[in-house]
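Data file: start24.cif. Format and content: mmCIF, C-alpha atoms.
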```cif
data_structure
loop_
_atom_site.label_atom_id
_atom_site.label_comp_id
_atom_site.auth_asym_id
_atom_site.auth_seq_id
_atom_site.Cartn_x
_atom_site.Cartn_y
_atom_site.Cartn_z
CA MET A 1 64.44 87.11 107.34
CA THR A 2 65.92 84.37 105.12
CA GLU A 3 68.69 82.38 106.76
CA GLN A 4 72.00 82.68 104.94
CA LYS A 5 73.20 79.46 103.33
CA PRO A 6 76.57 78.08 104.43
CA VAL A 7 79.33 78.92 101.93
CA VAL A 8 81.36 75.93 100.70
CA LEU A 9 84.55 76.62 98.77
CA VAL A 10 85.89 73.86 96.50
CA VAL A 11 89.60 74.10 95.63
CA ASP A 12 91.03 71.89 92.89
CA ASP A 13 93.46 72.66 90.06
CA GLU A 14 91.53 70.20 87.83
CA ARG A 15 88.73 72.48 86.71
CA ASP A 16 86.37 69.74 85.56
CA HIS A 17 86.72 67.93 88.87
CA ALA A 18 86.15 71.14 90.86
CA ASP A 19 83.08 72.08 88.82
CA GLY A 20 81.76 68.53 89.20
CA LEU A 21 82.02 68.73 92.99
CA VAL A 22 80.19 72.07 93.00
CA GLU A 23 77.41 70.47 90.95
CA ALA A 24 77.28 67.46 93.29
CA LEU A 25 76.98 69.74 96.32
CA GLY A 26 74.16 71.63 94.62
CA ARG A 27 71.67 69.17 96.15
CA LEU A 28 72.54 70.46 99.62
CA PRO A 29 71.24 73.72 101.15
CA VAL A 30 74.63 75.37 100.67
CA LYS A 31 76.20 77.94 98.36
CA ALA A 32 79.06 76.08 96.63
CA LEU A 33 81.84 77.96 94.81
CA ALA A 34 84.95 76.77 92.99
CA VAL A 35 88.46 78.18 92.60
CA TYR A 36 91.34 76.47 90.83
CA THR A 37 94.46 77.52 92.74
CA GLY A 38 95.49 77.67 96.37
CA GLU A 39 96.35 81.34 95.96
CA ASP A 40 92.79 82.15 94.79
CA ALA A 41 91.41 80.18 97.73
CA ILE A 42 93.52 82.18 100.18
CA GLU A 43 92.40 85.45 98.60
CA MET A 44 88.73 84.44 98.92
CA LEU A 45 89.21 83.36 102.54
CA ARG A 46 90.57 86.83 103.27
CA ARG A 47 87.72 88.58 101.46
CA GLN A 48 84.63 86.84 102.72
CA ARG A 49 83.20 84.40 105.20
CA VAL A 50 83.61 80.75 104.16
CA ASP A 51 82.05 78.02 106.29
CA VAL A 52 83.56 74.90 104.70
CA VAL A 53 86.57 74.42 102.44
CA VAL A 54 86.88 71.25 100.35
CA THR A 55 90.41 71.24 98.95
CA ASP A 56 92.71 68.87 97.12
CA LEU A 57 95.89 68.22 99.08
CA LYS A 58 98.13 68.57 96.00
CA LEU A 59 97.69 71.82 94.10
CA GLU A 60 99.76 73.50 91.40
CA GLY A 61 101.60 76.62 92.57
CA LYS A 62 103.06 77.70 95.88
CA ALA A 63 99.96 77.06 98.01
CA ASP A 64 98.97 73.42 98.50
CA GLY A 65 96.04 72.02 100.48
CA LEU A 66 97.83 72.25 103.83
CA THR A 67 98.63 75.91 103.12
CA VAL A 68 94.95 76.57 102.43
CA LEU A 69 94.07 74.70 105.64
CA ARG A 70 96.42 76.83 107.71
CA GLU A 71 95.11 80.06 106.18
CA ALA A 72 91.51 79.02 106.79
CA ARG A 73 92.18 78.21 110.44
CA GLN A 74 94.07 81.46 110.97
CA ASN A 75 91.38 83.60 109.40
CA SER A 76 88.46 82.08 111.30
CA ASP A 77 88.07 79.54 114.06
CA SER A 78 84.67 78.59 112.64
CA THR A 79 85.82 77.58 109.12
CA GLU A 80 86.04 73.79 108.66
CA VAL A 81 88.32 72.15 106.08
CA ILE A 82 87.93 68.81 104.32
CA LEU A 83 91.02 67.59 102.49
CA ILE A 84 90.96 65.37 99.40
CA THR A 85 93.96 63.24 98.48
CA ALA A 86 94.83 60.53 96.02
CA TYR A 87 97.83 59.56 98.10
CA ALA A 88 96.48 58.79 101.55
CA THR A 89 99.24 57.99 103.98
CA ILE A 90 99.13 57.84 107.75
CA GLU A 91 101.65 60.69 107.90
CA ASN A 92 99.85 63.25 105.76
CA CYS A 93 96.43 62.37 107.18
CA LYS A 94 97.73 62.78 110.73
CA GLU A 95 99.31 66.08 109.79
CA ALA A 96 96.03 67.31 108.30
CA ILE A 97 94.05 66.44 111.43
CA ARG A 98 96.77 67.91 113.69
CA GLN A 99 96.53 71.21 111.83
CA GLY A 100 92.80 71.34 112.33
CA ALA A 101 91.22 69.59 109.32
CA PHE A 102 87.63 68.42 109.90
CA ASP A 103 88.28 65.20 107.95
CA TYR A 104 89.81 63.87 104.74
CA LEU A 105 88.62 61.84 101.76
CA VAL A 106 90.55 59.60 99.40
CA LYS A 107 90.14 59.67 95.60
CA PRO A 108 88.15 58.40 93.79
CA LEU A 109 85.50 60.18 95.83
CA ASP A 110 82.28 58.73 97.13
CA VAL A 111 79.94 61.68 96.42
CA ASP A 112 77.42 60.65 99.11
CA GLN A 113 80.21 60.51 101.66
CA LEU A 114 81.36 63.97 100.57
CA ARG A 115 77.84 65.37 100.98
CA THR A 116 77.56 63.83 104.45
CA LEU A 117 80.88 65.33 105.55
CA VAL A 118 79.99 68.74 104.13
CA GLU A 119 76.65 68.70 105.98
CA GLN A 120 78.38 67.77 109.25
CA ALA A 121 81.10 70.38 108.77
CA SER A 122 78.50 73.05 107.91
CA ARG A 123 76.59 72.38 111.13
CA LYS A 124 79.79 72.54 113.17
CA ALA A 125 80.82 75.79 111.46
CA ALA A 126 77.39 77.33 112.08
CA THR A 127 77.53 76.43 115.78
CA ALA A 128 81.06 77.83 116.13
CA HIS A 129 80.09 80.99 114.25
CA ALA A 130 77.03 81.58 116.47
CA ARG A 131 79.12 81.06 119.58
CA GLY A 132 81.80 83.33 118.16
CA ASP A 133 79.34 86.22 117.71
CA GLU A 134 79.21 86.74 121.44
CA THR A 135 82.95 86.17 121.79
CA ASP A 136 83.63 88.77 119.11
CA LYS A 137 81.46 91.30 120.98
CA ASP A 138 83.55 90.72 124.07
CA LYS A 139 86.76 91.01 122.05
CA GLU A 140 85.70 94.44 120.78
CA ARG A 141 86.39 95.86 124.24
CA PHE A 142 90.06 94.97 123.85
CA VAL A 143 90.42 95.41 120.13
CA PHE A 144 92.08 98.84 120.40
CA ASP A 145 94.66 98.00 123.03
CA GLY A 146 96.42 101.12 124.27
CA ILE A 147 94.14 103.56 122.43
CA VAL A 148 92.23 105.72 124.91
CA GLY A 149 89.61 108.19 123.77
CA GLU A 150 85.91 108.73 124.30
CA SER A 151 85.77 112.03 122.42
CA ARG A 152 83.60 112.24 119.36
CA SER A 153 86.62 112.68 117.09
CA MET A 154 88.37 109.54 118.39
CA GLN A 155 85.22 107.45 118.29
CA SER A 156 84.72 108.46 114.65
CA ILE A 157 88.31 107.40 113.88
CA LEU A 158 87.88 104.05 115.62
CA GLU A 159 84.72 103.42 113.61
CA VAL A 160 86.73 103.97 110.41
CA VAL A 161 89.35 101.52 111.72
CA ARG A 162 86.66 98.91 112.40
CA ARG A 163 85.51 99.19 108.81
CA VAL A 164 88.88 99.34 107.06
CA ALA A 165 90.89 96.87 109.17
CA PRO A 166 89.46 93.61 107.71
CA THR A 167 90.20 94.77 104.15
CA ASN A 168 93.51 94.93 102.27
CA ILE A 169 93.11 98.58 101.32
CA SER A 170 96.08 100.89 102.00
CA VAL A 171 95.72 103.50 104.75
CA LEU A 172 97.32 106.92 105.15
CA ILE A 173 97.43 108.33 108.70
CA GLU A 174 98.07 112.05 109.04
CA GLY A 175 98.77 113.88 112.29
CA SER A 176 101.29 115.86 114.29
CA SER A 177 104.21 114.13 115.99
CA GLY A 178 103.17 112.32 119.15
CA THR A 179 99.50 111.84 118.26
CA GLY A 180 99.75 108.03 118.15
CA LYS A 181 100.03 107.23 114.45
CA GLU A 182 101.99 104.00 114.93
CA LEU A 183 99.62 102.87 117.69
CA LEU A 184 96.69 103.33 115.31
CA ALA A 185 98.55 101.49 112.53
CA ARG A 186 99.11 98.55 114.90
CA ALA A 187 95.42 98.58 115.78
CA ILE A 188 94.53 98.30 112.08
CA HIS A 189 96.94 95.36 111.67
CA ASP A 190 95.78 93.63 114.87
CA ASN A 191 92.18 93.74 113.67
CA SER A 192 92.95 92.60 110.12
CA LEU A 193 93.05 89.15 108.57
CA ARG A 194 96.83 89.58 108.50
CA ARG A 195 97.10 89.81 112.30
CA HIS A 196 98.93 86.46 112.57
CA LYS A 197 101.62 87.71 110.17
CA PRO A 198 104.35 90.31 110.85
CA PHE A 199 103.78 94.02 111.47
CA LYS A 200 107.00 95.82 110.49
CA PRO A 201 107.48 99.58 111.03
CA VAL A 202 110.19 101.66 109.37
CA ASN A 203 110.93 105.37 109.84
CA CYS A 204 111.52 106.79 106.36
CA ALA A 205 113.03 109.96 107.84
CA GLY A 206 115.58 108.20 109.98
CA LEU A 207 117.64 106.54 107.23
CA THR A 208 119.74 107.67 104.30
CA GLU A 209 118.44 106.82 100.84
CA THR A 210 120.88 103.91 100.44
CA LEU A 211 120.09 102.45 103.85
CA LEU A 212 116.34 102.91 103.32
CA GLU A 213 116.47 101.03 100.01
CA SER A 214 118.38 98.17 101.65
CA GLU A 215 116.02 98.21 104.65
CA LEU A 216 112.92 97.95 102.46
CA PHE A 217 114.11 95.74 99.62
CA GLY A 218 117.08 93.86 101.12
CA HIS A 219 120.44 93.28 99.50
CA VAL A 220 122.73 90.50 98.29
CA LYS A 221 126.24 89.86 99.51
CA GLY A 222 128.73 92.33 98.01
CA ALA A 223 126.06 94.80 96.84
CA PHE A 224 127.90 97.60 98.64
CA THR A 225 130.66 98.09 101.18
CA GLY A 226 129.70 96.28 104.37
CA ALA A 227 127.19 93.94 102.70
CA ASN A 228 128.88 90.77 103.93
CA THR A 229 125.82 88.53 103.66
CA ASP A 230 122.49 88.36 101.89
CA ARG A 231 119.77 90.19 103.84
CA LYS A 232 116.02 90.17 103.36
CA GLY A 233 114.28 93.54 103.26
CA LEU A 234 111.20 94.43 105.27
CA PHE A 235 108.93 93.79 102.28
CA GLU A 236 110.00 90.13 102.31
CA VAL A 237 110.01 89.89 106.11
CA ALA A 238 106.49 91.33 106.26
CA ASP A 239 105.18 89.08 103.45
CA GLN A 240 101.42 88.45 103.98
CA GLY A 241 101.58 90.97 106.84
CA THR A 242 101.67 94.75 107.19
CA LEU A 243 104.44 97.27 106.49
CA PHE A 244 104.15 100.60 108.31
CA LEU A 245 105.94 103.42 106.48
CA ASP A 246 106.28 106.16 109.10
CA GLU A 247 107.09 109.73 107.99
CA ILE A 248 106.67 108.79 104.34
CA GLY A 249 106.64 112.48 103.43
CA ASP A 250 110.39 112.56 104.14
CA MET A 251 111.18 109.78 101.66
CA PRO A 252 113.54 110.93 98.85
CA LEU A 253 111.94 111.24 95.41
CA THR A 254 114.11 108.51 93.86
CA MET A 255 112.99 106.10 96.60
CA GLN A 256 109.39 107.14 96.04
CA ALA A 257 109.69 105.98 92.43
CA LYS A 258 111.10 102.59 93.51
CA LEU A 259 108.40 102.18 96.15
CA LEU A 260 105.68 102.97 93.61
CA ARG A 261 106.98 100.26 91.29
CA VAL A 262 106.81 97.68 94.09
CA LEU A 263 103.29 98.70 95.06
CA GLU A 264 102.17 98.45 91.43
CA ASP A 265 103.54 95.02 90.56
CA GLY A 266 104.10 93.36 93.95
CA MET A 267 107.73 92.52 93.17
CA VAL A 268 110.90 93.64 94.95
CA ILE A 269 114.47 93.45 93.67
CA PRO A 270 117.08 93.36 96.46
CA VAL A 271 119.98 95.79 96.05
CA GLY A 272 122.64 94.17 93.85
CA ALA A 273 120.28 91.42 92.61
CA ASN A 274 118.59 90.86 89.25
CA LYS A 275 115.88 88.39 90.18
CA PRO A 276 112.61 89.90 91.48
CA VAL A 277 110.84 88.45 94.53
CA ALA A 278 107.03 88.38 94.79
CA VAL A 279 105.60 89.89 97.98
CA ASP A 280 102.11 90.35 99.42
CA VAL A 281 102.19 93.25 101.88
CA ARG A 282 99.57 95.68 103.11
CA ILE A 283 100.85 99.25 103.30
CA ILE A 284 99.96 101.67 106.09
CA SER A 285 101.69 105.04 105.80
CA ALA A 286 101.94 107.98 108.17
CA THR A 287 103.12 111.58 107.94
CA ASN A 288 103.16 114.80 109.94
CA HIS A 289 103.41 116.80 106.70
CA SER A 290 100.72 117.91 104.30
CA LEU A 291 101.39 115.60 101.36
CA THR A 292 99.21 117.70 99.05
CA LYS A 293 101.43 120.69 99.82
CA LEU A 294 104.55 118.59 99.20
CA ILE A 295 103.04 117.55 95.85
CA GLU A 296 102.57 121.22 94.92
CA GLU A 297 106.22 121.81 95.85
CA GLN A 298 107.19 118.78 93.71
CA LYS A 299 108.66 117.02 96.75
CA PHE A 300 106.21 114.11 96.70
CA ARG A 301 104.91 112.07 93.77
CA GLU A 302 101.21 112.49 93.10
CA ASP A 303 100.88 108.95 91.69
CA LEU A 304 102.41 107.50 94.88
CA TYR A 305 100.08 109.65 96.97
CA PHE A 306 97.00 108.16 95.33
CA ARG A 307 98.48 104.67 95.65
CA ILE A 308 98.98 104.92 99.44
CA LYS A 309 95.86 106.99 100.15
CA GLY A 310 93.25 104.27 99.98
CA VAL A 311 91.64 105.51 103.19
CA ASN A 312 92.82 108.70 104.86
CA ILE A 313 92.70 109.08 108.68
CA SER A 314 93.56 112.41 110.31
CA LEU A 315 94.52 112.16 113.98
CA PRO A 316 93.67 115.26 116.04
CA SER A 317 96.23 116.87 118.32
CA LEU A 318 95.69 116.45 122.05
CA SER A 319 94.67 120.11 122.37
CA GLU A 320 91.77 119.33 120.00
CA ARG A 321 90.49 116.50 122.23
CA PRO A 322 91.04 117.80 125.79
CA GLU A 323 88.08 115.80 127.08
CA ASP A 324 90.22 112.67 126.63
CA ILE A 325 93.04 113.91 128.88
CA PRO A 326 91.63 112.62 132.23
CA ALA A 327 91.24 109.08 130.85
CA LEU A 328 94.68 109.22 129.23
CA VAL A 329 96.26 110.40 132.48
CA GLN A 330 94.72 107.53 134.44
CA HIS A 331 95.77 105.05 131.75
CA PHE A 332 99.37 106.27 131.77
CA VAL A 333 99.48 106.30 135.59
CA GLN A 334 98.45 102.64 135.68
CA GLU A 335 100.84 101.74 132.87
CA ALA A 336 103.82 103.49 134.48
CA ALA A 337 103.05 102.14 137.96
CA GLN A 338 102.90 98.60 136.63
CA GLU A 339 106.13 99.06 134.66
CA ILE A 340 108.23 100.38 137.56
CA GLY A 341 106.45 98.62 140.45
CA SER A 342 105.05 101.83 141.98
CA THR A 343 102.10 102.08 144.39
CA VAL A 344 100.82 105.26 142.73
CA ASN A 345 97.22 104.61 141.69
CA GLY A 346 95.77 107.94 140.63
CA VAL A 347 95.97 111.73 140.54
CA THR A 348 94.35 114.40 142.70
CA ASP A 349 91.53 116.47 141.21
CA THR A 350 93.58 119.67 141.46
CA ALA A 351 96.58 118.20 139.66
CA LEU A 352 94.30 116.66 137.04
CA GLN A 353 92.69 120.05 136.36
CA ILE A 354 96.13 121.56 135.74
CA LEU A 355 97.16 118.68 133.48
CA ALA A 356 93.89 118.98 131.53
CA ALA A 357 94.41 122.73 131.07
CA HIS A 358 97.92 122.32 129.62
CA ASP A 359 98.14 122.60 125.82
CA TRP A 360 100.58 119.63 125.34
CA PRO A 361 102.42 120.68 122.17
CA GLY A 362 104.10 117.25 122.12
CA ASN A 363 100.68 115.59 122.21
CA ILE A 364 100.13 112.13 123.69
CA ARG A 365 103.83 111.27 123.67
CA GLN A 366 104.61 114.30 125.84
CA LEU A 367 101.74 113.52 128.23
CA LYS A 368 102.83 109.90 128.57
CA ASN A 369 106.45 110.85 129.32
CA ALA A 370 105.34 113.51 131.82
CA ILE A 371 103.10 111.07 133.71
CA ARG A 372 105.83 108.42 133.75
CA THR A 373 108.31 110.90 135.25
CA MET A 374 105.74 111.99 137.84
CA VAL A 375 105.09 108.39 138.86
CA VAL A 376 108.81 107.68 139.18
CA MET A 377 109.35 110.68 141.46
CA CYS A 378 106.15 110.39 143.54
CA ASP A 379 106.22 108.71 146.95
CA ARG A 380 102.47 109.03 147.62
CA GLU A 381 99.46 107.06 146.36
CA LYS A 382 98.24 109.92 144.18
CA LEU A 383 100.08 112.37 141.96
CA ASP A 384 99.69 115.96 143.13
CA ILE A 385 100.81 119.51 142.30
CA PRO A 386 104.37 119.06 143.66
CA ASP A 387 104.87 116.18 141.19
CA LEU A 388 104.11 118.32 138.13
CA PRO A 389 106.99 118.67 135.63
CA PRO A 390 108.80 122.03 135.83
CA GLU A 391 107.60 123.19 132.39
CA ILE A 392 103.96 122.80 133.47
CA SER A 393 104.55 124.48 136.84
CA ARG A 394 106.30 127.44 135.17
CA ARG A 395 103.53 127.77 132.57
CA ARG A 396 100.95 127.66 135.33
CA GLN A 397 102.66 130.48 137.23
CA LEU A 398 103.03 132.62 134.10
CA THR A 399 99.34 132.26 133.21
CA GLY A 400 98.22 133.00 136.75
CA ALA A 401 96.80 129.52 137.24
CA SER A 402 98.38 129.53 140.73
CA ARG A 403 95.61 131.89 141.81
CA THR A 404 93.10 129.07 141.49
CA PRO A 405 92.13 128.15 145.07
CA THR A 406 93.21 124.70 146.21
CA ASN A 407 90.92 124.91 149.26
CA LEU A 408 87.42 125.20 147.89
CA ALA A 409 85.67 125.34 151.26
CA GLY A 410 83.43 128.39 151.48
CA VAL A 411 83.50 129.07 147.73
CA SER A 412 80.04 129.22 146.19
CA LEU A 413 79.13 126.92 143.31
CA ASN A 414 78.28 129.95 141.18
CA ASP A 415 81.76 131.39 141.73
CA LEU A 416 83.34 128.02 140.86
CA GLU A 417 81.24 127.77 137.70
CA LYS A 418 82.06 131.34 136.71
CA GLN A 419 85.78 130.78 137.24
CA ALA A 420 85.66 127.51 135.26
CA ILE A 421 84.05 129.32 132.32
CA ILE A 422 86.59 132.18 132.50
CA ASP A 423 89.56 129.76 132.58
CA THR A 424 88.18 127.59 129.80
CA LEU A 425 87.43 130.54 127.51
CA ALA A 426 90.97 131.80 128.14
CA LYS A 427 92.38 128.37 127.32
CA THR A 428 90.40 128.14 124.06
CA GLU A 429 91.19 131.77 123.15
CA GLY A 430 87.50 132.64 123.23
CA ASN A 431 86.34 129.71 121.07
CA ARG A 432 82.93 129.09 122.61
CA GLU A 433 82.29 125.87 120.73
CA LYS A 434 85.49 124.30 122.11
CA ALA A 435 84.87 125.75 125.56
CA ALA A 436 81.39 124.23 125.71
CA LYS A 437 82.78 120.87 124.67
CA ILE A 438 85.46 120.97 127.39
CA LEU A 439 82.94 122.04 130.04
CA GLY A 440 80.53 119.30 128.98
CA ILE A 441 77.61 121.63 128.29
CA GLY A 442 75.75 122.78 125.20
CA GLU A 443 76.73 125.96 123.37
CA ARG A 444 73.37 127.58 124.12
CA THR A 445 73.86 126.86 127.82
CA LEU A 446 77.33 128.40 127.68
CA TYR A 447 75.96 131.55 125.97
CA ARG A 448 73.32 131.85 128.68
CA LYS A 449 75.93 131.46 131.44
CA ILE A 450 78.22 134.07 129.83
CA LYS A 451 75.34 136.53 129.78
CA GLU A 452 74.27 135.60 133.32
CA TYR A 453 77.76 136.18 134.75
CA GLY A 454 78.39 139.26 132.63
CA LEU A 455 81.48 137.80 130.95
#
```
As structure tokens, please, write out the structure in this file.
Amino acid sequence: MTEQKPVVLVVDDERDHADGLVEALGRLPVKALAVYTGEDAIEMLRRQRVDVVVTDLKLEGKADGLTVLREARQNSDSTEVILITAYATIENCKEAIRQGAFDYLVKPLDVDQLRTLVEQASRKAATAHARGDETDKDKERFVFDGIVGESRSMQSILEVVRRVAPTNISVLIEGSSGTGKELLARAIHDNSLRRHKPFKPVNCAGLTETLLESELFGHVKGAFTGANTDRKGLFEVADQGTLFLDEIGDMPLTMQAKLLRVLEDGMVIPVGANKPVAVDVRIISATNHSLTKLIEEQKFREDLYFRIKGVNISLPSLSERPEDIPALVQHFVQEAAQEIGSTVNGVTDTALQILAAHDWPGNIRQLKNAIRTMVVMCDREKLDIPDLPPEISRRRQLTGASRTPTNLAGVSLNDLEKQAIIDTLAKTEGNREKAAKILGIGERTLYRKIKEYGL
């Protein structure tokens, strides 16, 4: 397998000088590339791995050499940066080193010295990158903080997140209320190259059209009654970060048109202003509606739908992933106990069975709130049947779940297995595929057991 050459990015707004440096570095075993603005350098750093950046300190445009340096260090701890300046002063050289520059060179350049520095920086970057491979594997265990789920459906979703997070593509998350859409959006942001920049959520259903426009785009003083000062909108606040548009299906049509314009040209105009402001924001949207149905009803713009639907993720309801309930319960017990200083550290098997059998129409949010209430009220080390919320206890009595024996002594394993199959088939309304999944057995095994027990 051929070893990949280190990538060296040359940044200089003087094209001839940049191209000349690329040619000079051609004698080294590196892949040298040139860009001519700081903005292009930042975009490339976000798109691909770069081992060494050689950048002029003074660049035309908003992004100078120090800006490129900061972006490089934020995106990857293994990227090394060499600054070039015609105006070497103790102050700017100290600042460059303080911000993590590998070294600096003064114009006119000594090409041999540049090659030597690039070779040294490449070796250091390669060592850091190799060391970081193991670190990154360790980090993967914590990459989805707060997301619990070993079911096949959740693991498939997390694999999509792993692939899409490092890109700038927009994401649309669909799912019922309480399924964890904002948590997933945060996970995408936290694993993206924008993770050091703001993540700003806004509920599009919770604001009037006027307030939503001001919230997103900002306003100038006097734009409307109560606008006593200038105020930046979330697009500006989240610049270079992520904006999470929750319940986007409830956004008024006129606001949809204004949002589409911003997404198309990357410019916002605060309410009451005339001058546009450039923004660079990644959009993650979420909805509990069927947007395609809203499009048919002419309540949602089709062109906006295709703009926000770069990658579509559908979150299953909790009733569709019951095998995750035990792990979620334990997670929420630990979380609640830590929050309120409780000694509760688990849940009895009997109580867990009842919790796992509940359909949870409010999904993960309802489960989390129920467990928190149980922990608050419990004065034992483990949650038990008396701690169950009233709505679950009543449902259990109505469905006859109270007939399930709490003392299993003297009950044969066959009877337990038979009862488990009966209860699970009842819970899944006879859906054998779902029942087999909940019981942790194959469908063929379940069919055989049904026949064996005469069910």
query = Can you list what the PyMOL selection byres ((chain A and resi 268) around 7) grabs from this structure, as a list of chain:residue names?
reply =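 Checked against the file, the PyMOL selection byres ((chain A and resi 268) around 7) matches A:Phe217, A:Val262, A:Gly266, A:Met267, A:Ile269, A:Pro270, A:Pro276, A:Val277, A:Ala278.
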task = Record the distance separating CA of Cys378 (chain A) and CA of Pro361 (chain A), expressed in Å with one decimal.
result =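 Answer for the CA of Cys378 (chain A) to CA of Pro361 (chain A) separation: 24.0 Å.
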task = Kindly extract all protein, DNA and RNA residues lying within 10 Å of the coordinates (107.2, 104.5, 144.0) given in the file, considering all atoms listed in the file, and supply them as a ChimeraX atom specification.
result = /A:337,340-344,374-381
Kindly provide the residues of region 205-294 of chain A that approach region 299-322 of chain A to within 9 Å, each paired with its closest atom pair and their distance in Å to one decimal, based on all atoms listed in the file, listed by chain and increasing number, as CSV.
```
residue,atom,partner,partner_atom,distance
A:Gly249,CA,A:Phe300,CA,6.9
A:Asp250,CA,A:Phe300,CA,8.7
A:Met251,CA,A:Phe300,CA,8.2
A:Pro252,CA,A:Lys299,CA,8.1
A:Leu253,CA,A:Phe300,CA,6.5
A:Gln256,CA,A:Arg301,CA,7.0
A:Ala257,CA,A:Leu304,CA,7.8
A:Leu259,CA,A:Leu304,CA,8.1
A:Leu260,CA,A:Leu304,CA,5.7
A:Leu263,CA,A:Arg307,CA,7.7
A:Glu264,CA,A:Arg307,CA,8.4
A:Ile283,CA,A:Ile308,CA,7.1
A:Ile284,CA,A:Ile308,CA,7.5
A:Ser285,CA,A:Ile308,CA,6.9
A:Leu291,CA,A:Phe300,CA,6.9
A:Thr292,CA,A:Glu302,CA,8.2
A:Lys293,CA,A:Lys299,CA,8.7
A:Leu294,CA,A:Lys299,CA,5.0
```
query = Counting only C-alpha atoms, which of A:Glu443, A:Val329, A:Leu21, A:Gly26 gets nearest to Asp110 (chain A)?
reply =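 With only C-alpha atoms as the atom set, the closest residue is A:Leu21.
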ask   = How far is it from CA of Leu59 (chain A) to CA of Glu39 (chain A), in Å with one decimal?
value =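 Separation of CA of Leu59 (chain A) and CA of Glu39 (chain A): 9.8 Å.
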task = Calculate how many Å separate CA of Asp359 (chain A) from CA of Gly175 (chain A), rounding to one decimal.
result =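 About the pair CA of Asp359 (chain A) and CA of Gly175 (chain A): they are 16.1 Å apart.
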query = Around (116.5, 90.3, 105.8) in the file's frame, which residues reach within 12 Å when counting all atoms listed in the file? Return as number ranges by chain?
reply = A: 200, 214-221, 227, 229-239, 270-271
query = Between A:Arg152, A:Arg282, A:Lys382, A:Arg162, which has the minimum distance to Leu243 (chain A) (counting all atoms listed in the file)?
reply =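 Result for the nearest residue to Leu243 (chain A): A:Arg282.
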message = Can you spell out as a ChimeraX atom specification the set of residues that the PyMOL selection byres ((chain A and resi 450) around 12) selects in the structure I just provided?
response = /A:417-422,424-425,430,432,435-436,443-449,451-455
ask   = Which one of A:Leu193, A:Glu174, A:Met255, A:Asp77 sits closest to Glu209 (chain A) if you count only C-alpha atoms?
value =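 Looking at the shortest contact to Glu209 (chain A), the residue is A:Met255.
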